[in-house]
Structure formats: C-alpha cells, structure tokens
$ cat coords-v6.txt   # compact mmCIF, C-alpha atoms
# COMPACT_ATOMS: atom_id res chain seq x y z
CA MET A 1 0.22 -7.40 -14.37
CA ILE A 2 -2.45 -7.95 -11.73
CA ASN A 3 -0.74 -8.18 -8.41
CA HIS A 4 -2.94 -6.83 -5.64
CA LEU A 5 -4.25 -7.95 -2.28
CA PRO A 6 -7.17 -6.21 -0.62
CA LYS A 7 -5.94 -3.83 2.08
CA GLN A 8 -7.00 -5.99 5.00
CA LYS A 9 -5.23 -9.00 3.50
CA ASN A 10 -1.95 -7.30 2.68
CA ARG A 11 0.08 -9.66 4.80
CA GLN A 12 1.42 -13.20 4.77
CA ILE A 13 -1.05 -15.77 3.51
CA PRO A 14 -1.48 -18.84 5.74
CA ILE A 15 -1.05 -21.85 3.47
CA THR A 16 -0.70 -25.51 4.38
CA PRO A 17 2.31 -26.91 2.51
CA ILE A 18 2.05 -30.07 0.45
CA VAL A 19 4.83 -32.54 -0.21
CA THR A 20 6.02 -32.59 -3.77
CA GLY A 21 7.36 -35.61 -5.55
CA SER A 22 11.04 -36.42 -5.87
CA SER A 23 10.95 -35.27 -9.50
CA GLU A 24 10.42 -31.64 -8.50
CA ILE A 25 13.20 -29.13 -9.04
CA ASN A 26 14.25 -27.44 -5.79
CA SER A 27 15.40 -23.82 -5.79
CA GLU A 28 18.88 -23.52 -4.32
CA GLU A 29 18.26 -19.97 -3.20
CA GLY A 30 14.92 -20.87 -1.69
CA SER A 31 16.58 -23.56 0.42
CA LYS A 32 19.07 -21.29 2.16
CA GLY A 33 18.59 -21.05 5.89
CA ARG A 34 16.25 -24.06 6.02
CA ASP A 35 16.60 -27.58 7.29
CA SER A 36 18.24 -29.63 4.54
CA ASN A 37 15.51 -32.28 4.89
CA GLU A 38 12.67 -29.79 4.51
CA VAL A 39 10.84 -29.91 1.18
CA ILE A 40 10.53 -26.39 -0.21
CA THR A 41 7.16 -25.98 -1.90
CA TRP A 42 5.59 -23.02 -3.61
CA GLN A 43 3.20 -22.70 -0.67
CA THR A 44 6.01 -22.27 1.86
CA GLN A 45 7.55 -19.64 -0.38
CA VAL A 46 4.29 -17.69 -0.74
CA ALA A 47 3.83 -17.80 3.03
CA ASP A 48 7.35 -16.49 3.59
CA VAL A 49 7.42 -13.49 1.23
CA ILE A 50 9.12 -10.29 2.35
CA THR A 51 6.70 -7.53 3.35
CA ASP A 52 9.01 -5.38 5.48
CA ILE A 53 11.02 -2.70 3.67
CA ASP A 54 13.76 -2.64 6.33
CA GLN A 55 14.23 -6.39 5.95
CA LEU A 56 14.50 -6.13 2.16
CA LEU A 57 17.02 -3.29 2.34
CA ALA A 58 19.11 -5.20 4.89
CA ILE A 59 19.23 -8.31 2.69
CA LEU A 60 20.33 -6.23 -0.31
CA GLU A 61 22.76 -4.08 1.73
CA LEU A 62 20.87 -0.92 0.81
CA THR A 63 19.77 0.43 4.18
CA HIS A 64 20.95 3.91 3.18
CA LEU A 65 17.97 4.12 0.78
CA LYS A 66 15.40 4.19 3.58
CA SER A 67 15.07 7.99 3.55
CA GLU A 68 14.10 7.93 -0.14
CA LEU A 69 11.22 5.51 0.36
CA TYR A 70 7.82 5.46 1.97
CA VAL A 71 5.62 2.75 3.47
CA PRO A 72 2.31 2.55 1.56
CA GLU A 73 -0.80 1.73 3.55
CA GLY A 74 -2.85 -0.28 1.07
CA PHE A 75 -0.59 -1.64 -1.65
CA GLY A 76 2.42 -2.58 0.41
CA LEU A 77 5.72 -4.26 -0.30
CA ARG A 78 5.38 -7.92 -1.19
CA VAL A 79 8.15 -9.92 -2.85
CA PRO A 80 9.23 -13.59 -2.72
CA ARG A 81 12.68 -14.36 -1.36
CA GLY A 82 13.61 -16.27 -4.50
CA PHE A 83 12.95 -13.17 -6.58
CA VAL A 84 15.06 -11.09 -4.19
CA ALA A 85 17.87 -13.63 -4.59
CA LYS A 86 18.03 -12.69 -8.29
CA MET A 87 18.78 -9.05 -7.37
CA LYS A 88 22.32 -7.67 -7.11
CA LYS A 89 23.29 -6.69 -3.59
CA GLY A 90 24.33 -3.09 -3.17
CA ASP A 91 22.75 -2.02 -6.47
CA ALA A 92 20.01 0.56 -5.91
CA GLN A 93 19.25 0.50 -9.65
CA ASP A 94 18.80 -3.25 -9.93
CA PRO A 95 16.00 -3.71 -12.52
CA LEU A 96 14.17 -6.30 -10.42
CA LEU A 97 14.36 -4.22 -7.26
CA LEU A 98 12.97 -1.12 -9.00
CA GLN A 99 9.85 -3.08 -9.93
CA VAL A 100 8.88 -3.85 -6.32
CA LEU A 101 10.40 -1.18 -4.06
CA PRO A 102 7.91 1.54 -3.03
CA ASN A 103 9.10 4.96 -4.17
CA LYS A 104 8.01 8.39 -2.92
CA LEU A 105 7.19 9.27 -6.53
CA GLU A 106 4.10 7.06 -6.17
CA GLN A 107 2.61 9.79 -3.98
CA VAL A 108 2.87 12.45 -6.69
CA LYS A 109 -0.47 13.14 -8.34
CA VAL A 110 -0.07 13.31 -12.13
CA SER A 111 -2.88 14.37 -14.44
CA GLY A 112 -4.22 11.53 -16.57
CA TYR A 113 -3.13 8.75 -14.21
CA VAL A 114 -6.23 7.31 -12.54
CA ALA A 115 -7.34 4.46 -10.28
CA ASP A 116 -9.19 2.56 -13.03
CA PRO A 117 -7.20 3.29 -16.22
CA LEU A 118 -8.96 0.60 -18.28
CA ALA A 119 -12.51 1.38 -17.08
CA GLU A 120 -12.93 -2.22 -15.99
CA ASN A 121 -15.68 -1.34 -13.56
CA GLU A 122 -17.85 -0.68 -16.62
CA GLN A 123 -17.21 -4.17 -18.07
CA ASN A 124 -18.29 -6.20 -15.06
CA PRO A 125 -21.63 -7.91 -15.85
CA THR A 126 -21.52 -10.33 -12.92
CA GLN A 127 -19.35 -10.67 -9.82
CA GLY A 128 -15.91 -12.00 -10.72
CA LEU A 129 -16.37 -11.69 -14.50
CA LEU A 130 -15.09 -9.08 -16.95
CA HIS A 131 -16.36 -9.11 -20.53
CA LYS A 132 -14.34 -6.59 -22.53
CA TYR A 133 -13.54 -8.60 -25.65
CA HIS A 134 -15.99 -10.25 -28.03
CA SER A 135 -15.00 -13.92 -27.95
CA ARG A 136 -13.48 -14.18 -24.48
CA VAL A 137 -14.13 -13.31 -20.87
CA LEU A 138 -11.87 -12.83 -17.88
CA VAL A 139 -12.47 -14.30 -14.43
CA THR A 140 -10.85 -12.61 -11.40
CA VAL A 141 -10.24 -15.86 -9.56
CA THR A 142 -8.50 -14.17 -6.63
CA GLY A 143 -7.16 -10.83 -5.44
CA ALA A 144 -4.02 -12.43 -4.03
CA CYS A 145 -0.58 -12.42 -5.60
CA ALA A 146 2.89 -13.38 -4.41
CA ILE A 147 4.41 -10.11 -5.60
CA HIS A 148 3.33 -6.49 -5.70
CA CYS A 149 4.63 -4.77 -8.83
CA ARG A 150 4.57 -1.03 -8.30
CA TYR A 151 3.11 -0.36 -11.77
CA CYS A 152 0.22 -2.82 -11.36
CA PHE A 153 -2.85 -1.50 -13.21
CA ARG A 154 -5.22 -3.21 -10.76
CA GLN A 155 -3.62 -1.96 -7.56
CA HIS A 156 -6.79 0.05 -6.84
CA PHE A 157 -9.27 -2.59 -8.09
CA ASP A 158 -12.12 -3.48 -5.71
CA TYR A 159 -11.42 -7.19 -5.32
CA GLN A 160 -13.71 -7.48 -2.32
CA ALA A 161 -16.65 -6.74 -4.60
CA ASN A 162 -15.42 -8.95 -7.41
CA LEU A 163 -14.06 -12.15 -5.92
CA PRO A 164 -16.34 -14.94 -7.20
CA LYS A 165 -17.48 -17.25 -4.41
CA SER A 166 -18.78 -20.75 -4.99
CA GLU A 167 -22.30 -19.47 -5.61
CA GLN A 168 -21.02 -17.19 -8.39
CA LEU A 169 -19.44 -20.08 -10.27
CA GLU A 170 -22.83 -21.19 -11.59
CA ALA A 171 -23.72 -17.60 -12.49
CA ILE A 172 -20.50 -17.30 -14.49
CA GLN A 173 -21.22 -20.59 -16.24
CA ALA A 174 -24.71 -19.35 -17.06
CA TYR A 175 -23.43 -16.05 -18.44
CA ILE A 176 -20.95 -17.84 -20.70
CA SER A 177 -23.65 -20.25 -21.89
CA GLN A 178 -25.91 -17.32 -22.77
CA HIS A 179 -23.24 -15.75 -24.97
CA PRO A 180 -22.42 -18.17 -27.81
CA GLU A 181 -19.63 -15.89 -29.08
CA ILE A 182 -17.47 -16.71 -26.03
CA ARG A 183 -14.95 -19.44 -26.83
CA GLU A 184 -12.09 -18.62 -24.47
CA VAL A 185 -11.85 -17.91 -20.75
CA LEU A 186 -8.96 -16.07 -19.13
CA LEU A 187 -8.15 -16.87 -15.51
CA SER A 188 -6.74 -13.78 -13.89
CA GLY A 189 -6.87 -11.90 -10.63
CA GLY A 190 -4.62 -11.14 -8.62
CA ASP A 191 -2.75 -14.19 -9.78
CA PRO A 192 -4.84 -17.31 -10.47
CA LEU A 193 -1.90 -19.58 -9.64
CA SER A 194 -1.78 -18.17 -6.11
CA VAL A 195 -4.82 -20.31 -5.24
CA SER A 196 -4.50 -23.98 -4.31
CA ASN A 197 -4.55 -26.72 -6.92
CA ARG A 198 -7.84 -27.95 -5.47
CA ARG A 199 -9.52 -24.59 -5.99
CA LEU A 200 -7.94 -24.02 -9.39
CA PHE A 201 -9.04 -27.46 -10.56
CA LEU A 202 -12.64 -26.62 -9.61
CA TRP A 203 -12.49 -23.71 -12.04
CA LEU A 204 -10.97 -25.91 -14.73
CA ASP A 205 -13.67 -28.54 -14.23
CA ALA A 206 -16.43 -25.92 -14.45
CA LEU A 207 -15.06 -24.37 -17.63
CA GLU A 208 -14.32 -27.69 -19.31
CA ALA A 209 -17.97 -28.64 -18.71
CA LEU A 210 -19.00 -25.90 -21.15
CA PRO A 211 -18.73 -27.53 -24.61
CA LYS A 212 -18.11 -24.33 -26.56
CA ILE A 213 -15.08 -23.30 -24.50
CA SER A 214 -12.06 -24.42 -26.48
CA THR A 215 -9.25 -22.49 -24.79
CA ILE A 216 -8.41 -21.66 -21.19
CA ARG A 217 -5.79 -18.99 -20.75
CA ILE A 218 -3.95 -18.43 -17.46
CA HIS A 219 -2.35 -15.03 -16.90
CA THR A 220 0.25 -15.37 -14.16
CA ARG A 221 3.50 -14.06 -12.74
CA LEU A 222 3.98 -16.94 -10.29
CA PRO A 223 6.07 -19.17 -12.60
CA ILE A 224 8.58 -16.30 -12.85
CA VAL A 225 8.75 -15.22 -9.20
CA ILE A 226 8.13 -18.68 -7.65
CA PRO A 227 8.77 -21.22 -10.43
CA GLU A 228 8.06 -24.11 -8.06
CA ARG A 229 4.38 -23.24 -8.52
CA LEU A 230 4.55 -25.33 -11.69
CA ASP A 231 4.47 -28.52 -9.64
CA SER A 232 3.86 -31.96 -11.11
CA GLU A 233 0.23 -32.08 -9.94
CA LEU A 234 -0.62 -28.81 -11.70
CA LEU A 235 1.22 -29.66 -14.91
CA SER A 236 -0.39 -33.10 -15.12
CA ARG A 237 -3.86 -31.60 -14.67
CA LEU A 238 -3.26 -28.98 -17.35
CA GLU A 239 -1.88 -31.62 -19.71
CA ALA A 240 -5.06 -33.68 -19.22
CA SER A 241 -7.44 -30.81 -19.98
CA ARG A 242 -9.80 -31.25 -22.95
CA CYS A 243 -9.23 -27.53 -23.66
CA ARG A 244 -6.16 -25.94 -25.12
CA ILE A 245 -4.15 -24.44 -22.26
CA VAL A 246 -2.32 -21.18 -22.84
CA MET A 247 -0.19 -19.75 -20.05
CA VAL A 248 0.81 -16.10 -20.38
CA VAL A 249 3.62 -15.29 -17.97
CA HIS A 250 4.81 -11.79 -17.13
CA THR A 251 8.54 -11.07 -17.40
CA ASN A 252 10.15 -7.66 -17.78
CA HIS A 253 13.88 -8.42 -17.64
CA ALA A 254 16.16 -11.32 -18.55
CA ASN A 255 17.50 -11.41 -14.97
CA GLU A 256 14.13 -12.75 -13.84
CA ILE A 257 14.74 -16.06 -15.64
CA ASP A 258 17.55 -17.99 -13.94
CA GLU A 259 18.30 -21.64 -14.71
CA ASN A 260 15.84 -22.92 -12.11
CA THR A 261 13.03 -20.81 -13.56
CA ALA A 262 13.91 -21.87 -17.10
CA GLN A 263 13.77 -25.56 -16.20
CA TYR A 264 10.27 -25.25 -14.77
CA LEU A 265 9.07 -23.37 -17.83
CA LEU A 266 10.55 -26.00 -20.12
CA GLN A 267 8.76 -28.72 -18.14
CA ALA A 268 5.48 -26.89 -18.73
CA LYS A 269 6.18 -26.67 -22.45
CA GLN A 270 6.90 -30.39 -22.56
CA LYS A 271 3.42 -30.97 -21.15
CA GLY A 272 1.91 -29.32 -24.22
CA ILE A 273 1.15 -25.97 -22.58
CA THR A 274 1.51 -22.98 -24.90
CA LEU A 275 3.78 -20.49 -23.13
CA LEU A 276 3.64 -16.80 -24.03
CA ASN A 277 5.07 -13.72 -22.34
CA GLN A 278 3.89 -10.19 -21.86
CA THR A 279 6.21 -7.35 -20.88
CA VAL A 280 5.47 -3.84 -19.69
CA LEU A 281 7.79 -1.08 -20.92
CA LEU A 282 9.23 0.55 -17.81
CA ALA A 283 11.44 3.62 -17.80
CA GLY A 284 14.85 2.92 -16.31
CA ILE A 285 14.22 -0.84 -16.20
CA ASN A 286 13.79 -2.26 -19.70
CA ASP A 287 13.70 0.78 -21.98
CA SER A 288 16.84 -0.07 -24.00
CA VAL A 289 17.25 -2.30 -27.03
CA ALA A 290 20.00 -4.32 -25.33
CA VAL A 291 17.70 -5.21 -22.42
CA GLN A 292 14.80 -6.07 -24.72
CA VAL A 293 16.94 -8.27 -26.98
CA ALA A 294 18.39 -10.13 -23.99
CA LEU A 295 14.92 -10.64 -22.51
CA ASN A 296 13.31 -12.06 -25.63
CA GLU A 297 16.25 -14.33 -26.41
CA ARG A 298 16.23 -15.60 -22.82
CA LEU A 299 12.49 -16.25 -23.00
CA PHE A 300 12.99 -18.34 -26.14
CA GLU A 301 15.70 -20.38 -24.43
CA ALA A 302 13.16 -21.14 -21.70
CA GLY A 303 10.47 -22.24 -24.17
CA VAL A 304 8.44 -19.04 -24.03
CA LEU A 305 7.43 -16.91 -27.03
CA PRO A 306 7.19 -13.11 -26.72
CA TYR A 307 3.54 -12.04 -27.06
CA TYR A 308 2.86 -8.46 -26.00
CA LEU A 309 5.05 -5.45 -25.23
CA HIS A 310 2.73 -3.07 -23.39
CA LEU A 311 2.90 0.65 -23.02
CA LEU A 312 2.30 1.38 -19.36
CA ASP A 313 -1.33 1.53 -18.26
CA LYS A 314 -1.80 5.00 -16.80
CA VAL A 315 -2.61 3.94 -13.27
CA GLU A 316 -2.40 6.37 -10.39
CA GLY A 317 0.98 6.17 -8.66
CA ALA A 318 2.94 4.72 -11.58
CA ALA A 319 3.67 7.77 -13.75
CA HIS A 320 7.41 7.61 -13.02
CA PHE A 321 7.56 4.26 -14.86
CA ASP A 322 6.03 5.67 -18.05
CA MET A 323 7.90 6.52 -21.22
CA ALA A 324 6.85 8.57 -24.23
CA LYS A 325 5.07 6.69 -26.99
CA GLN A 326 7.51 7.98 -29.59
CA GLN A 327 10.42 6.67 -27.54
CA ALA A 328 8.71 3.27 -27.41
CA VAL A 329 8.24 3.29 -31.18
CA GLU A 330 11.92 4.10 -31.76
CA LEU A 331 12.91 1.29 -29.42
CA TYR A 332 10.63 -1.09 -31.28
CA TRP A 333 12.24 -0.31 -34.64
CA GLU A 334 15.61 -1.13 -33.10
CA MET A 335 14.23 -4.44 -31.82
CA LEU A 336 12.99 -5.29 -35.32
CA GLU A 337 16.51 -4.75 -36.61
CA GLN A 338 18.15 -7.02 -34.06
CA LEU A 339 15.66 -9.83 -33.47
CA PRO A 340 14.02 -12.40 -35.75
CA GLY A 341 10.32 -11.72 -36.28
CA TYR A 342 9.18 -14.55 -34.04
CA LEU A 343 10.99 -13.00 -31.08
CA VAL A 344 9.48 -9.53 -31.48
CA PRO A 345 6.32 -9.10 -29.37
CA LYS A 346 3.43 -6.92 -30.53
CA LEU A 347 3.73 -3.34 -29.31
CA VAL A 348 0.32 -2.50 -27.88
CA GLN A 349 -1.57 -0.16 -25.63
CA GLU A 350 -4.69 -1.14 -23.75
CA LEU A 351 -7.22 1.67 -23.82
CA PRO A 352 -10.54 1.90 -21.94
CA ASN A 353 -13.73 0.84 -23.74
CA ARG A 354 -11.91 -0.70 -26.70
CA PRO A 355 -12.87 -4.26 -27.74
CA PHE A 356 -9.23 -5.14 -28.38
CA LYS A 357 -5.68 -4.23 -27.42
CA THR A 358 -4.68 -1.31 -29.62
CA PRO A 359 -1.57 -1.79 -31.78
CA VAL A 360 0.78 1.18 -31.51
CA ASN A 361 1.24 3.00 -34.83
CA LEU A 362 4.88 2.49 -35.80
CA TYR A 363 4.70 5.13 -38.52
CA GLN A 364 3.49 8.06 -36.45
CA ASN A 365 5.62 11.19 -36.39
$ encode --input "coords-v6.txt" --output "structure tokens"
Amino acid sequence: MINHLPKQKNRQIPITPIVTGSSEINSEEGSKGRDSNEVITWQTQVADVITDIDQLLAILELTHLKSELYVPEGFGLRVPRGFVAKMKKGDAQDPLLLQVLPNKLEQVKVSGYVADPLAENEQNPTQGLLHKYHSRVLVTVTGACAIHCRYCFRQHFDYQANLPKSEQLEAIQAYISQHPEIREVLLSGGDPLSVSNRRLFLWLDALEALPKISTIRIHTRLPIVIPERLDSELLSRLEASRCRIVMVVHTNHANEIDENTAQYLLQAKQKGITLLNQTVLLAGINDSVAVQVALNERLFEAGVLPYYLHLLDKVEGAAHFDMAKQQAVELYWEMLEQLPGYLVPKLVQELPNRPFKTPVNLYQN
C-alpha cells in the first residue's frame, strides 16, 4: 500500500476537526483518555497518531524490544492509536505490530530490492499522474497517510515532485481527454482519504466533469486504520456521484477488522459503494492458510470482497517480509481447498513495465 510522507512532513499533520452528526459511530478505543463530551473525528485521530517508538513500546508493554529496533530518518514510525488498540499487549509477534514497527533488518541491503520496484518514474507523463495501464490512470492525490507500513512500495517515491497542485488539475483533465481509451481513474497517493472532504470533492467534481470517465476507484487504508474516515458527508457524496465508485481497502489480517471497523464498512456498502480488498503476503504475518481463511471470511462479514493477494513488491528495506513464490503458490492451493471461489482473491505480482498485474502461475514447479 502507499503510505508515505515526504521526509520534511514526517510528523503530526495539523488538521482542523469537524463535528460529525449524531448518526456517526464512535470508536470506544479512540475515546479513551478524552473528555466524554468531545466528538472524536477522523481528523483528531490523524492529528494524534503515534510517531515515537518509545511511546508505542510503552503502550504495548514491550519496552524490552528497544535494543532490537532503530529509528529511521525518512520513513518513520506512524500509526493511529485505534490501530494500536487492536494489538495484543506484551506480544512482540503481534501481526499488526510487525507491520508498522521499524526493524533493523530494514537497513540490510539485499540484491534485487530497489527504491522504485515498479519503475513508476517511467510512467509519469504529467505531475501527479501515472499511466501504466491502458484504460485507467492513477492520480497521486497526496503523499500523506495515517500509517506507515514498513513494506510500503512507495516509501522512497518522490512525492514532492509529483503532488498535483491546483494548476495541475486542468493538465490532468486535459491528458485524460486526449486519451479516449481512459475510462477509469484511480485516486491514490499516499492515501487519498487523508485529504479533507473539501479537497477530495474537488477531485471528484473534476473527474465527473469528464463524460467518458465511468468509474472512480479509491485505493485507501484509512477505513481500516481509522474507520471514522467514512463519515456521513463523505459517504453521501460518493453515493451521489454519477460515476461508479469502487473503494479498494488494504487489509492484511483479520485482527484489523473489529466490530467498529466492520460497521463503517457496512455503511459504505449500503451507500452503493463497491468494496474490495487487497492484501500483501507478508512472511510471519499472514503466510498461513488459517490466517488467510480468517481474513477473507472476516472481510465478507464486513461487506468487502477479496480482490488481490499480492506477492511483495521488492522495495528496498522490505526483504525480510518477502516469501518464496513457490511457498505462496502452495498456500494459494490450500486457500482454494478451504474457501468458496468468491472469497479467494487473485494471486498476483506487479512487475515493472507491464501493462497489467501479472497472475502468478499456479502450475509452476
């Protein structure tokens, strides 16, 4: 997933909270330690993420791990408190913790793991726009995200050179208009839902003004790590869109979807939003059939259909998360045995300079 802030912005984001309506679901964990009359919004949660390793270890009663970790300079720790609340205290192998806690293994240089594993810098015709696939383009709406996943394939991406400002919006519209094959636009980043509703709605308005665009897809991790992001204002706007709205969330483990998260996802589904999930195979986190079955069944309970199961993108610093392709194929056959077909995501690998995600050959030796 795309979870990076430029180095100079790798700190708390100042956001002015808005008051949500009485129909909003409040996170019990997110309310701890706050005034009982204070309305907890997604903005207050983004502004209050944990960026200090000592603080995170203290909350989880794991201070003895400090000697095994390091403090990265550019791609630092960043995790919402609500996501931390889903972790098991005292468990150094908690599958959610392992996704966000910086590890000294990130500093080991491994051959084949590079800063731009998908060669995206070669597919960047105009600032803020990536055109890798025939009928669709991707817009890097922002470089900000509420969480830093240690395996993020864009952790080295030059967002400063690719964040589209207001003057680029017309250039992006023009590019899309000049390419009649484009029918779908993906909003990505960073995380496109980390921007305000006002800014996001400007993008929606601009894309909806292009008659040939039929689908707008939003790739996001926010509804999983801060489910309150799916507020009533956002859901109503998406429901009113003339385009089909597809939201692809990113979930790697069933523990990420508690009841509060599930209720927000179900609300989005009720608004007519197509909800899909993509998962990254991560060694030691979700590389067993039991974990994968539990994840995909939990997603279905929350109104989300499994979409992609990705082999790890070979990004520099993430080699310790990788698993052998053959191991992934064996795991996939086990999933096919235990899950109905509609709950088995496609096993894919994204390779540089390919006009599609590459299906993994299940029959290779």
$ atom_distance --input "coords-v6.txt" --atom1 "atom CA of Leu295 of chain A" --atom2 "atom CA of Thr251 of chain A"
8.2 Å
$ residues_near_point --input "coords-v6.txt" --point "(-7.6, -30.5, -8.5)" --cutoff "12 Å" --atoms "all atoms listed in the file" --output "list in words"
Val195, Ser196, Asn197, Arg198, Arg199, Leu200, Phe201, Leu202, Trp203, Leu204, Asp205, Ala206, Ser232, Glu233, Leu234, Leu235, Ser236, Arg237, Leu238, Ala240 and Ser241 of chain A
$ closest_residue --input "coords-v6.txt" --among "A:Asn277, A:Asn296, A:Ser67, A:Thr261" --to "Pro340 of chain A" --atoms "only C-alpha atoms"
A:Asn296
$ atom_distance --input "coords-v6.txt" --atom1 "atom CA of Asp116 of chain A" --atom2 "atom CA of Leu347 of chain A"
21.6 Å
$ atom_distance --input "coords-v6.txt" --atom1 "atom CA of Leu351 of chain A" --atom2 "atom CA of Phe153 of chain A"
11.9 Å
$ residues_around --input "coords-v6.txt" --residues "Pro345 of chain A" --least-positions-apart "3" --cutoff "8 Å" --atoms "only C-alpha atoms" --output "PDB file with C-alpha atoms, keeping the file's coordinate frame"
ATOM      1  CA  GLN A 278       3.890 -10.190 -21.860  1.00  0.00           C
ATOM      2  CA  PRO A 306       7.190 -13.110 -26.720  1.00  0.00           C
ATOM      3  CA  TYR A 307       3.540 -12.040 -27.060  1.00  0.00           C
ATOM      4  CA  TYR A 308       2.860  -8.460 -26.000  1.00  0.00           C
ATOM      5  CA  LEU A 309       5.050  -5.450 -25.230  1.00  0.00           C
ATOM      6  CA  TYR A 342       9.180 -14.550 -34.040  1.00  0.00           C
TER       7      TYR A 342
END
$ closest_residue --input "coords-v6.txt" --among "A:Leu266, A:Cys243, A:Leu169, A:Ile147" --to "Leu222 of chain A" --atoms "all atoms listed in the file"
A:Ile147
$ closest_residue --input "coords-v6.txt" --among "A:Arg150, A:Arg229, A:His253, A:Lys269" --to "Ser288 of chain A" --atoms "only C-alpha atoms"
A:His253
